[in-house]
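Participant: The following block contains the structure, expressed as structure tokens.
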2 protein chains.
Amino acid sequence: MGTVAAVSLPGLPEVKPGDDLGQLIAAAAARADEQLGDGTAVAVAHKVVSKVEGAVVALADVKPSPRARELASAQNKDPRAVQVVLDQSSELLRAERGVLICRTHHGFVCANAGVDHSNVPADDHVLVLPRDPDESARQLRARLRELTGARPAVLVCDSFGRAWRHGQCDVALGCAGLRPLDDWRGRRDSAGRELTATWLAVADAAAAVADLTRRKDSREPVVLIRGLERHVTEADGPGAVALLRPPDEDLFI
Amino acid sequence: MGTVAAVSLPGLPEVKPGDDLGQLIAAAAARADEQLGDGTAVAVAHKVVSKVEGAVVALADVKPSPRARELASAQNKDPRAVQVVLDQSSELLRAERGVLICRTHHGFVCANAGVDHSNVPADDHVLVLPRDPDESARQLRARLRELTGARPAVLVCDSFGRAWRHGQCDVALGCAGLRPLDDWRGRRDSAGRELTATWLAVADAAAAVADLTRRKDSREPVVLIRGLERHVTEADGPGAVALLRPPDEDLFI
């Protein structure tokens, strides 16, 4: 019998560049009487990671290129914000219906390269994705271990739209100490038959759990997930980069 | 503070066509001392739904068409299984690397139109998706209400691969009594700024929770999820069909 239990962490303050996120999370967990144990997965909305890392761009400082101006005009967007999106992207895959679908420099395929206006303190600033979300997760994990002695897994999450389906689900941008994929291919089902296509995106499913646990207006960007002990590893592991399908293997670009 | 807690249900027997799945689930829940309360979401792997509905095809009865033979030869597959895939599809989107990506008659975009060899009792049979998974969910919900007096939400789930990312996540093929999408577009974030692109695929996230809770070899196809009360509705609602992005709105087909 499997169980998964997730709880969002109240009381995390609005974070600023340079804040010690590990310390803030450990303190909030202590106040909420929640253990950050070895088997716990700590899922953090990327926005707080981006904020503490200063991954914020002041639109006043952005000079839009002719291409950004053209795209902005066609898609009814702020040319400066479009320039930030292009700066974050290695490739623009689609520009239609007011949406720019980009491949980011990390390799994520998502709307607007993850550039975000909401939940940002100032109107004339946009948030961008952390530069290296797996490294962010590793550093946060190391800091939590330093502070608590435990070694929880850490996930850095964002909400991505999907091809073919409405709505968004959270995915893992970064992870440390969590097996990102659980590969059952070649293993046997309950009748002894080979499982040919069973390859679970554990880190993305864990991110979806976290998103379902918090409310979007709750200021609770951190969710603790228990029950994933079999996927939590002593080593930091390959990170969420293992979830990226290389463009040359992708049938839908 | 939000919480989500999921538990897989042990003790469900191997099901046969015509079995009363609601009765089997209610009995397993009673044995496990688990309540099927009004706010609970009961997530069921589609395979047991397909089995009780007899959505099984004997390969011996299938006459592959020339097109099925040609595809099977190119993709190294059984031509009879390919014929079943084609029969389940309204459109074949890609046939590469041994994978057929199909749009099913329901409108799902997935590998092999959801046709499945694993966890099937007999080697020469394949399982197909339920004919109308939303209707399956509604009927199961009605039956559970009849048996228990409660009105839990019901989800019928399957594991789908994704564009751009490795691995699979479960999604909702059908649902009843669960809001499939939570639309925050036009609402405000915690700073009062409009959330422009926040549209949560609640039913898919719930399916991901269920998949993370069970193990693939556990014979535990049913997972009970608590903590989604704000998304559980008295009415059966629009079902998971609301999650399908129409082809003419899709940028990746």
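Identifiers in the structure tokens: chain A, B, ... in order shown; residue index from 1 per chain; ligand index from 1 in order shown.
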If DSSP is run on the backbone, what residues of segment 22-206 of chain A are alpha helix (DSSP H)? A reply as a ChimeraX atom specification would be ideal.

Facilitator: /A:22-31,46-52,66-75,79-87,133-148,202-206

Participant: With 7 Å as the limit and counting only C-alpha atoms, what residues in chain A lie close to chain B? Please list them as an mmCIF file with N, CA and C atoms, in the first residue's frame.

Facilitator:
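Now in selection-v1.cif:
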```cif
data_model
loop_
_atom_site.group_PDB
_atom_site.id
_atom_site.type_symbol
_atom_site.label_atom_id
_atom_site.label_comp_id
_atom_site.auth_asym_id
_atom_site.auth_seq_id
_atom_site.Cartn_x
_atom_site.Cartn_y
_atom_site.Cartn_z
ATOM 1 N N MET A 1 0.848 -1.197 0.000
ATOM 2 C CA MET A 1 0.000 0.000 0.000
ATOM 3 C C MET A 1 0.877 1.238 0.000
ATOM 4 N N GLY A 2 0.728 2.085 -1.004
ATOM 5 C CA GLY A 2 1.515 3.305 -1.094
ATOM 6 C C GLY A 2 0.771 4.495 -0.534
ATOM 7 N N THR A 3 1.516 5.432 0.010
ATOM 8 C CA THR A 3 0.898 6.687 0.449
ATOM 9 C C THR A 3 1.795 7.842 0.028
ATOM 10 N N VAL A 4 1.167 8.922 -0.339
ATOM 11 C CA VAL A 4 1.872 10.180 -0.597
ATOM 12 C C VAL A 4 1.098 11.260 0.147
ATOM 13 N N ALA A 5 1.814 12.083 0.895
ATOM 14 C CA ALA A 5 1.152 13.151 1.639
ATOM 15 C C ALA A 5 1.948 14.431 1.463
ATOM 16 N N ALA A 6 1.254 15.482 1.094
ATOM 17 C CA ALA A 6 1.919 16.758 0.836
ATOM 18 C C ALA A 6 1.269 17.848 1.665
ATOM 19 N N VAL A 7 2.086 18.766 2.140
ATOM 20 C CA VAL A 7 1.577 19.892 2.929
ATOM 21 C C VAL A 7 2.330 21.151 2.506
ATOM 22 N N SER A 8 1.583 22.218 2.308
ATOM 23 C CA SER A 8 2.244 23.475 1.964
ATOM 24 C C SER A 8 2.701 24.159 3.242
ATOM 25 N N LEU A 9 3.768 24.920 3.122
ATOM 26 C CA LEU A 9 4.424 25.496 4.297
ATOM 27 C C LEU A 9 3.985 26.956 4.446
ATOM 28 N N PRO A 10 3.293 27.279 5.512
ATOM 29 C CA PRO A 10 2.878 28.674 5.696
ATOM 30 C C PRO A 10 4.026 29.508 6.253
ATOM 31 N N VAL A 109 11.041 23.557 -23.130
ATOM 32 C CA VAL A 109 10.103 24.098 -24.112
ATOM 33 C C VAL A 109 8.887 24.599 -23.345
ATOM 34 N N SER A 118 3.628 37.841 -13.169
ATOM 35 C CA SER A 118 2.800 37.750 -11.967
ATOM 36 C C SER A 118 3.645 37.410 -10.746
ATOM 37 N N ASN A 119 3.141 37.754 -9.591
ATOM 38 C CA ASN A 119 3.858 37.523 -8.336
ATOM 39 C C ASN A 119 5.251 38.157 -8.322
ATOM 40 N N ALA A 163 1.364 20.450 -24.970
ATOM 41 C CA ALA A 163 0.780 20.212 -26.290
ATOM 42 C C ALA A 163 -0.484 19.385 -26.081
ATOM 43 N N TRP A 164 -1.503 19.622 -26.900
ATOM 44 C CA TRP A 164 -2.673 18.746 -27.032
ATOM 45 C C TRP A 164 -3.669 18.825 -25.890
ATOM 46 N N ARG A 165 -3.270 19.385 -24.756
ATOM 47 C CA ARG A 165 -4.191 19.405 -23.614
ATOM 48 C C ARG A 165 -4.262 20.819 -23.046
ATOM 49 N N HIS A 166 -5.463 21.196 -22.619
ATOM 50 C CA HIS A 166 -5.651 22.492 -21.985
ATOM 51 C C HIS A 166 -5.016 22.519 -20.599
ATOM 52 N N GLY A 167 -4.788 23.725 -20.107
ATOM 53 C CA GLY A 167 -4.338 23.888 -18.739
ATOM 54 C C GLY A 167 -2.855 23.605 -18.588
ATOM 55 N N GLN A 168 -2.394 23.843 -17.381
ATOM 56 C CA GLN A 168 -0.979 23.680 -17.069
ATOM 57 C C GLN A 168 -0.801 22.661 -15.959
ATOM 58 N N CYS A 169 0.350 22.023 -15.983
ATOM 59 C CA CYS A 169 0.773 21.186 -14.861
ATOM 60 C C CYS A 169 2.169 21.630 -14.458
ATOM 61 N N LEU A 181 13.516 10.127 -13.026
ATOM 62 C CA LEU A 181 12.778 9.170 -13.856
ATOM 63 C C LEU A 181 12.886 7.794 -13.219
ATOM 64 N N ASP A 189 5.521 -6.853 -15.435
ATOM 65 C CA ASP A 189 4.281 -6.463 -14.774
ATOM 66 C C ASP A 189 3.865 -7.548 -13.783
ATOM 67 N N SER A 190 2.691 -7.377 -13.181
ATOM 68 C CA SER A 190 2.259 -8.305 -12.140
ATOM 69 C C SER A 190 1.994 -9.698 -12.693
ATOM 70 N N ALA A 191 1.799 -9.815 -14.021
ATOM 71 C CA ALA A 191 1.608 -11.132 -14.634
ATOM 72 C C ALA A 191 2.913 -11.667 -15.230
ATOM 73 N N ARG A 193 4.712 -10.172 -17.487
ATOM 74 C CA ARG A 193 4.902 -9.723 -18.869
ATOM 75 C C ARG A 193 5.767 -8.459 -18.867
ATOM 76 N N GLU A 194 6.606 -8.322 -19.885
ATOM 77 C CA GLU A 194 7.538 -7.196 -19.899
ATOM 78 C C GLU A 194 6.788 -5.871 -20.056
ATOM 79 N N LEU A 195 7.184 -4.885 -19.261
ATOM 80 C CA LEU A 195 6.621 -3.533 -19.372
ATOM 81 C C LEU A 195 7.440 -2.794 -20.419
ATOM 82 N N TRP A 199 7.926 4.356 -18.000
ATOM 83 C CA TRP A 199 9.093 5.163 -17.705
ATOM 84 C C TRP A 199 8.537 6.423 -17.043
ATOM 85 N N LEU A 200 8.462 6.383 -15.733
ATOM 86 C CA LEU A 200 7.713 7.394 -15.005
ATOM 87 C C LEU A 200 8.526 8.662 -14.781
ATOM 88 N N ALA A 201 7.933 9.783 -15.059
ATOM 89 C CA ALA A 201 8.567 11.071 -14.827
ATOM 90 C C ALA A 201 8.293 11.481 -13.376
ATOM 91 N N VAL A 202 9.005 10.840 -12.460
ATOM 92 C CA VAL A 202 8.758 11.004 -11.021
ATOM 93 C C VAL A 202 8.842 12.469 -10.603
ATOM 94 N N ALA A 205 5.835 14.399 -11.753
ATOM 95 C CA ALA A 205 4.651 14.030 -10.981
ATOM 96 C C ALA A 205 4.709 14.639 -9.576
ATOM 97 N N ALA A 208 3.717 18.135 -9.798
ATOM 98 C CA ALA A 208 2.260 18.255 -9.936
ATOM 99 C C ALA A 208 1.572 18.107 -8.575
ATOM 100 N N VAL A 209 2.078 17.202 -7.742
ATOM 101 C CA VAL A 209 1.541 17.059 -6.382
ATOM 102 C C VAL A 209 1.656 18.392 -5.638
ATOM 103 N N LEU A 212 -0.810 21.004 -6.820
ATOM 104 C CA LEU A 212 -2.182 20.708 -6.410
ATOM 105 C C LEU A 212 -2.386 21.018 -4.921
ATOM 106 N N THR A 213 -1.302 21.018 -4.168
ATOM 107 C CA THR A 213 -1.390 21.206 -2.718
ATOM 108 C C THR A 213 -1.513 22.687 -2.340
ATOM 109 N N ARG A 214 -0.854 23.541 -3.095
ATOM 110 C CA ARG A 214 -0.922 24.964 -2.755
ATOM 111 C C ARG A 214 -1.996 25.668 -3.574
ATOM 112 N N ASP A 217 -2.903 31.852 -4.806
ATOM 113 C CA ASP A 217 -2.878 33.150 -4.123
ATOM 114 C C ASP A 217 -2.465 33.011 -2.665
ATOM 115 N N ARG A 219 0.587 32.524 -1.228
ATOM 116 C CA ARG A 219 1.943 32.838 -0.768
ATOM 117 C C ARG A 219 2.561 31.645 -0.062
ATOM 118 N N LEU A 243 15.269 14.971 -17.664
ATOM 119 C CA LEU A 243 13.906 14.916 -18.193
ATOM 120 C C LEU A 243 13.781 15.541 -19.579
ATOM 121 N N LEU A 244 14.832 16.219 -20.017
ATOM 122 C CA LEU A 244 14.719 16.941 -21.297
ATOM 123 C C LEU A 244 14.940 15.988 -22.466
ATOM 124 N N ARG A 245 13.984 15.962 -23.352
ATOM 125 C CA ARG A 245 14.125 15.154 -24.554
ATOM 126 C C ARG A 245 14.941 15.964 -25.561
ATOM 127 N N ASP A 250 12.928 14.427 -30.628
ATOM 128 C CA ASP A 250 11.572 14.889 -30.396
ATOM 129 C C ASP A 250 10.779 14.855 -31.689
ATOM 130 N N PHE A 252 7.877 16.407 -31.989
ATOM 131 C CA PHE A 252 6.942 17.533 -32.025
ATOM 132 C C PHE A 252 7.637 18.865 -31.775
#
```

Participant: Between segment 122-151 of chain B and segment 61-65 of chain B, at 12 Å or less, what are the per-residue closest atom pairs and their distances in Å? Count only C-alpha atoms, order by chain and rising residue number, and return it as JSON lines.

Facilitator:
```
{"residue": "B:Asp124", "atom": "CA", "partner": "B:Asp61", "partner_atom": "CA", "distance": 10.0}
{"residue": "B:His125", "atom": "CA", "partner": "B:Asp61", "partner_atom": "CA", "distance": 9.7}
{"residue": "B:Val126", "atom": "CA", "partner": "B:Val62", "partner_atom": "CA", "distance": 11.0}
```

Participant: Please, could you write that set of residues out with all heavy atoms as a compact mmCIF listing (two decimals), in the first residue's frame?

Facilitator:
```txt
# COMPACT_ATOMS: atom_id res chain seq x y z
N ASP B 124 -2.22 -13.03 -26.16
CA ASP B 124 -2.70 -12.73 -27.50
C ASP B 124 -3.86 -11.74 -27.49
O ASP B 124 -4.63 -11.67 -28.44
CB ASP B 124 -3.10 -14.04 -28.20
CG ASP B 124 -4.11 -14.81 -27.36
OD1 ASP B 124 -4.28 -14.47 -26.16
OD2 ASP B 124 -4.75 -15.72 -27.91
N HIS B 125 -3.99 -11.00 -26.39
CA HIS B 125 -5.02 -9.98 -26.29
C HIS B 125 -4.37 -8.63 -26.02
O HIS B 125 -3.30 -8.56 -25.41
CB HIS B 125 -6.00 -10.29 -25.15
CG HIS B 125 -6.95 -11.39 -25.47
ND1 HIS B 125 -6.55 -12.70 -25.64
CD2 HIS B 125 -8.30 -11.39 -25.71
CE1 HIS B 125 -7.60 -13.45 -25.94
NE2 HIS B 125 -8.67 -12.67 -25.99
N VAL B 126 -5.03 -7.58 -26.47
CA VAL B 126 -4.59 -6.23 -26.10
C VAL B 126 -5.79 -5.49 -25.49
O VAL B 126 -6.94 -5.77 -25.81
CB VAL B 126 -4.05 -5.44 -27.31
CG1 VAL B 126 -2.73 -6.03 -27.80
CG2 VAL B 126 -5.06 -5.35 -28.44
```

Participant: For Lys16 of chain B, which residue out of B:Arg80, B:Val42, B:Lys51, B:Gln35 is the nearest one, using only C-alpha atoms?

Facilitator: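 The closest residue to Lys16 of chain B is B:Lys51.
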
Participant: Find, counting only C-alpha atoms, the residue in B:Glu70, B:Asp248, B:Asp38, B:Asp132 that gets nearest to Val154 of chain B.

Facilitator: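 So, comparing all the options, the nearest one is B:Asp38.
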
Participant: Would you kindly return, as a ChimeraX atom specification, each protein, DNA or RNA residue with an atom no farther than 12 Å from any atom of Gln83 of chain A, considering only C-alpha atoms and excluding same-chain residues fewer than 5 positions away?

Facilitator: /A:57-72,77-78,88-89,92,100,112-113,115,126

Participant: Pick out each residue of segment 95-241 of chain A that DSSP on the backbone tags as strand (DSSP E or B); I need them as a short mmCIF file (atom, residue, chain, number, x, y, z; two decimals) with N, CA, C and O atoms, in the first residue's frame.

Facilitator:
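And here is the file that came out, out-v1.cif:
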```cif
data_model
loop_
_atom_site.label_atom_id
_atom_site.label_comp_id
_atom_site.auth_asym_id
_atom_site.auth_seq_id
_atom_site.Cartn_x
_atom_site.Cartn_y
_atom_site.Cartn_z
N ALA A 95 5.11 31.34 -32.70
CA ALA A 95 4.64 32.66 -32.28
C ALA A 95 3.25 32.83 -32.88
O ALA A 95 3.11 33.20 -34.04
N GLU A 96 2.25 32.46 -32.08
CA GLU A 96 0.87 32.48 -32.57
C GLU A 96 -0.06 32.73 -31.41
O GLU A 96 0.21 32.35 -30.29
N VAL A 99 1.05 33.90 -28.08
CA VAL A 99 1.93 33.04 -27.29
C VAL A 99 3.24 32.83 -28.04
O VAL A 99 3.24 32.56 -29.24
N LEU A 100 4.33 32.96 -27.31
CA LEU A 100 5.64 32.61 -27.86
C LEU A 100 6.06 31.30 -27.20
O LEU A 100 6.23 31.24 -25.98
N ILE A 101 6.18 30.25 -28.00
CA ILE A 101 6.66 28.97 -27.45
C ILE A 101 8.15 28.89 -27.77
O ILE A 101 8.55 28.93 -28.93
N CYS A 102 8.94 28.78 -26.71
CA CYS A 102 10.39 28.89 -26.85
C CYS A 102 11.07 27.63 -26.34
O CYS A 102 10.53 26.93 -25.47
N ARG A 103 12.27 27.40 -26.85
CA ARG A 103 13.19 26.51 -26.16
C ARG A 103 14.15 27.42 -25.42
O ARG A 103 14.83 28.25 -26.01
N THR A 104 14.22 27.27 -24.11
CA THR A 104 15.11 28.11 -23.33
C THR A 104 16.56 27.64 -23.48
O THR A 104 16.81 26.54 -24.00
N VAL A 109 11.04 23.56 -23.13
CA VAL A 109 10.10 24.10 -24.11
C VAL A 109 8.89 24.60 -23.34
O VAL A 109 8.21 23.81 -22.67
N CYS A 110 8.65 25.91 -23.41
CA CYS A 110 7.54 26.47 -22.63
C CYS A 110 7.15 27.83 -23.19
O CYS A 110 7.85 28.41 -24.02
N ALA A 111 6.02 28.33 -22.74
CA ALA A 111 5.51 29.62 -23.19
C ALA A 111 6.39 30.74 -22.64
O ALA A 111 6.79 30.73 -21.46
N ASP A 116 8.01 35.85 -16.54
CA ASP A 116 6.76 35.93 -15.78
C ASP A 116 6.56 37.32 -15.18
O ASP A 116 7.47 37.89 -14.59
N HIS A 125 9.07 45.08 -13.70
CA HIS A 125 10.08 44.03 -13.67
C HIS A 125 9.45 42.71 -14.10
O HIS A 125 8.26 42.49 -13.92
N VAL A 126 10.28 41.85 -14.68
CA VAL A 126 9.83 40.49 -14.97
C VAL A 126 10.82 39.51 -14.33
O VAL A 126 12.00 39.82 -14.16
N LEU A 127 10.28 38.37 -13.98
CA LEU A 127 11.11 37.29 -13.45
C LEU A 127 11.51 36.36 -14.59
O LEU A 127 10.70 36.08 -15.47
N ALA A 153 15.14 15.65 -0.33
CA ALA A 153 15.27 15.97 -1.75
C ALA A 153 14.73 17.37 -1.98
O ALA A 153 13.91 17.87 -1.22
N VAL A 154 15.22 18.01 -3.02
CA VAL A 154 14.74 19.37 -3.36
C VAL A 154 14.33 19.41 -4.82
O VAL A 154 15.02 18.87 -5.70
N LEU A 155 13.18 20.04 -5.06
CA LEU A 155 12.67 20.25 -6.41
C LEU A 155 12.45 21.74 -6.63
O LEU A 155 11.97 22.43 -5.74
N VAL A 156 12.77 22.22 -7.82
CA VAL A 156 12.43 23.58 -8.23
C VAL A 156 11.42 23.44 -9.38
O VAL A 156 11.70 22.77 -10.38
N CYS A 157 10.24 24.05 -9.21
CA CYS A 157 9.09 23.73 -10.09
C CYS A 157 8.56 24.96 -10.81
O CYS A 157 8.67 26.08 -10.32
N ASP A 158 7.95 24.73 -11.94
CA ASP A 158 7.20 25.78 -12.63
C ASP A 158 6.01 25.14 -13.34
O ASP A 158 6.00 23.94 -13.59
N SER A 159 5.02 25.98 -13.64
CA SER A 159 3.83 25.52 -14.36
C SER A 159 4.04 25.68 -15.85
O SER A 159 4.29 26.80 -16.32
N PHE A 160 3.94 24.59 -16.58
CA PHE A 160 4.09 24.62 -18.04
C PHE A 160 2.78 24.18 -18.70
O PHE A 160 2.11 23.26 -18.22
N GLY A 161 2.45 24.81 -19.79
CA GLY A 161 1.39 24.31 -20.64
C GLY A 161 1.85 23.06 -21.37
O GLY A 161 3.03 22.70 -21.33
N ARG A 165 -3.27 19.39 -24.76
CA ARG A 165 -4.19 19.41 -23.61
C ARG A 165 -4.26 20.82 -23.05
O ARG A 165 -3.27 21.53 -22.98
N GLN A 168 -2.39 23.84 -17.38
CA GLN A 168 -0.98 23.68 -17.07
C GLN A 168 -0.80 22.66 -15.96
O GLN A 168 -1.68 22.47 -15.13
N CYS A 169 0.35 22.02 -15.98
CA CYS A 169 0.77 21.19 -14.86
C CYS A 169 2.17 21.63 -14.46
O CYS A 169 2.96 22.05 -15.30
N ASP A 170 2.48 21.54 -13.18
CA ASP A 170 3.84 21.85 -12.76
C ASP A 170 4.79 20.74 -13.21
O ASP A 170 4.43 19.56 -13.22
N VAL A 171 5.97 21.15 -13.57
CA VAL A 171 7.05 20.22 -13.89
C VAL A 171 8.27 20.62 -13.07
O VAL A 171 8.34 21.71 -12.51
N ALA A 172 9.25 19.72 -13.02
CA ALA A 172 10.49 19.99 -12.30
C ALA A 172 11.47 20.68 -13.24
O ALA A 172 11.84 20.12 -14.27
N LEU A 173 11.87 21.89 -12.88
CA LEU A 173 12.95 22.56 -13.61
C LEU A 173 14.30 22.07 -13.10
O LEU A 173 15.29 22.05 -13.84
N GLY A 174 14.33 21.77 -11.82
CA GLY A 174 15.57 21.31 -11.21
C GLY A 174 15.25 20.33 -10.10
O GLY A 174 14.17 20.38 -9.52
N CYS A 175 16.18 19.42 -9.83
CA CYS A 175 16.00 18.58 -8.65
C CYS A 175 17.34 18.06 -8.16
O CYS A 175 18.32 17.99 -8.93
N ALA A 176 17.38 17.75 -6.90
CA ALA A 176 18.58 17.19 -6.27
C ALA A 176 18.14 16.17 -5.25
O ALA A 176 17.27 16.45 -4.41
N LEU A 178 16.46 13.51 -5.82
CA LEU A 178 15.26 12.79 -6.24
C LEU A 178 15.54 12.16 -7.59
O LEU A 178 16.04 12.82 -8.51
N ASP A 182 11.80 7.03 -13.24
CA ASP A 182 11.80 5.68 -12.72
C ASP A 182 11.55 4.75 -13.90
O ASP A 182 10.46 4.73 -14.47
N ASP A 183 12.57 4.03 -14.27
CA ASP A 183 12.54 3.29 -15.53
C ASP A 183 12.16 1.84 -15.29
O ASP A 183 12.94 1.07 -14.74
N ARG A 188 9.07 -6.42 -15.29
CA ARG A 188 7.90 -7.25 -15.52
C ARG A 188 6.68 -6.67 -14.84
O ARG A 188 6.80 -6.09 -13.76
N GLU A 194 6.61 -8.32 -19.89
CA GLU A 194 7.54 -7.20 -19.90
C GLU A 194 6.79 -5.87 -20.06
O GLU A 194 5.89 -5.75 -20.88
N TRP A 199 7.93 4.36 -18.00
CA TRP A 199 9.09 5.16 -17.70
C TRP A 199 8.54 6.42 -17.04
O TRP A 199 8.16 7.37 -17.73
N LEU A 200 8.46 6.38 -15.73
CA LEU A 200 7.71 7.39 -15.01
C LEU A 200 8.53 8.66 -14.78
O LEU A 200 9.66 8.59 -14.30
N VAL A 222 6.31 26.79 -1.00
CA VAL A 222 7.06 25.58 -0.63
C VAL A 222 6.09 24.50 -0.15
O VAL A 222 5.23 24.76 0.69
N VAL A 223 6.24 23.31 -0.70
CA VAL A 223 5.40 22.18 -0.32
C VAL A 223 6.32 21.02 0.07
O VAL A 223 7.30 20.73 -0.62
N LEU A 224 6.00 20.39 1.19
CA LEU A 224 6.75 19.21 1.64
C LEU A 224 5.98 17.96 1.24
O LEU A 224 4.78 17.86 1.51
N ILE A 225 6.66 17.03 0.60
CA ILE A 225 6.00 15.81 0.13
C ILE A 225 6.64 14.61 0.83
O ILE A 225 7.86 14.42 0.77
N ARG A 226 5.80 13.82 1.47
CA ARG A 226 6.26 12.57 2.10
C ARG A 226 5.71 11.38 1.32
O ARG A 226 4.64 11.48 0.71
N VAL A 232 14.02 8.94 -3.26
CA VAL A 232 14.97 9.91 -2.71
C VAL A 232 16.33 9.23 -2.56
O VAL A 232 16.41 8.10 -2.08
#
```

Participant: For atom CA of Val49 of chain A and atom CA of Glu34 of chain A, determine how far apart the two atoms are, in Å to one decimal place.

Facilitator: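 Going from atom CA of Val49 of chain A over to atom CA of Glu34 of chain A covers 20.9 Å.
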
Participant: Would you kindly return, as number ranges by chain, each protein, DNA or RNA residue with an atom no farther than 8 Å from any atom of Gly98 of chain B, considering only C-alpha atoms and excluding same-chain residues fewer than 5 positions away?

Facilitator: B: 74-77

Participant: Would you export the selected residues with C-alpha atoms as a compact mmCIF listing (two decimals), in the first residue's frame, please?

Facilitator:
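Result saved to part_15.txt:
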```
# COMPACT_ATOMS: atom_id res chain seq x y z
CA ALA B 74 8.49 -0.13 -40.86
CA GLN B 75 8.12 0.15 -37.08
CA ASN B 76 8.87 -3.47 -36.19
CA LYS B 77 5.47 -4.24 -34.69
```

Participant: Between atom CA of Ala29 of chain B and atom CA of Val15 of chain B, what distance in Å does the model show, to one decimal?

Facilitator: 15.9 Å
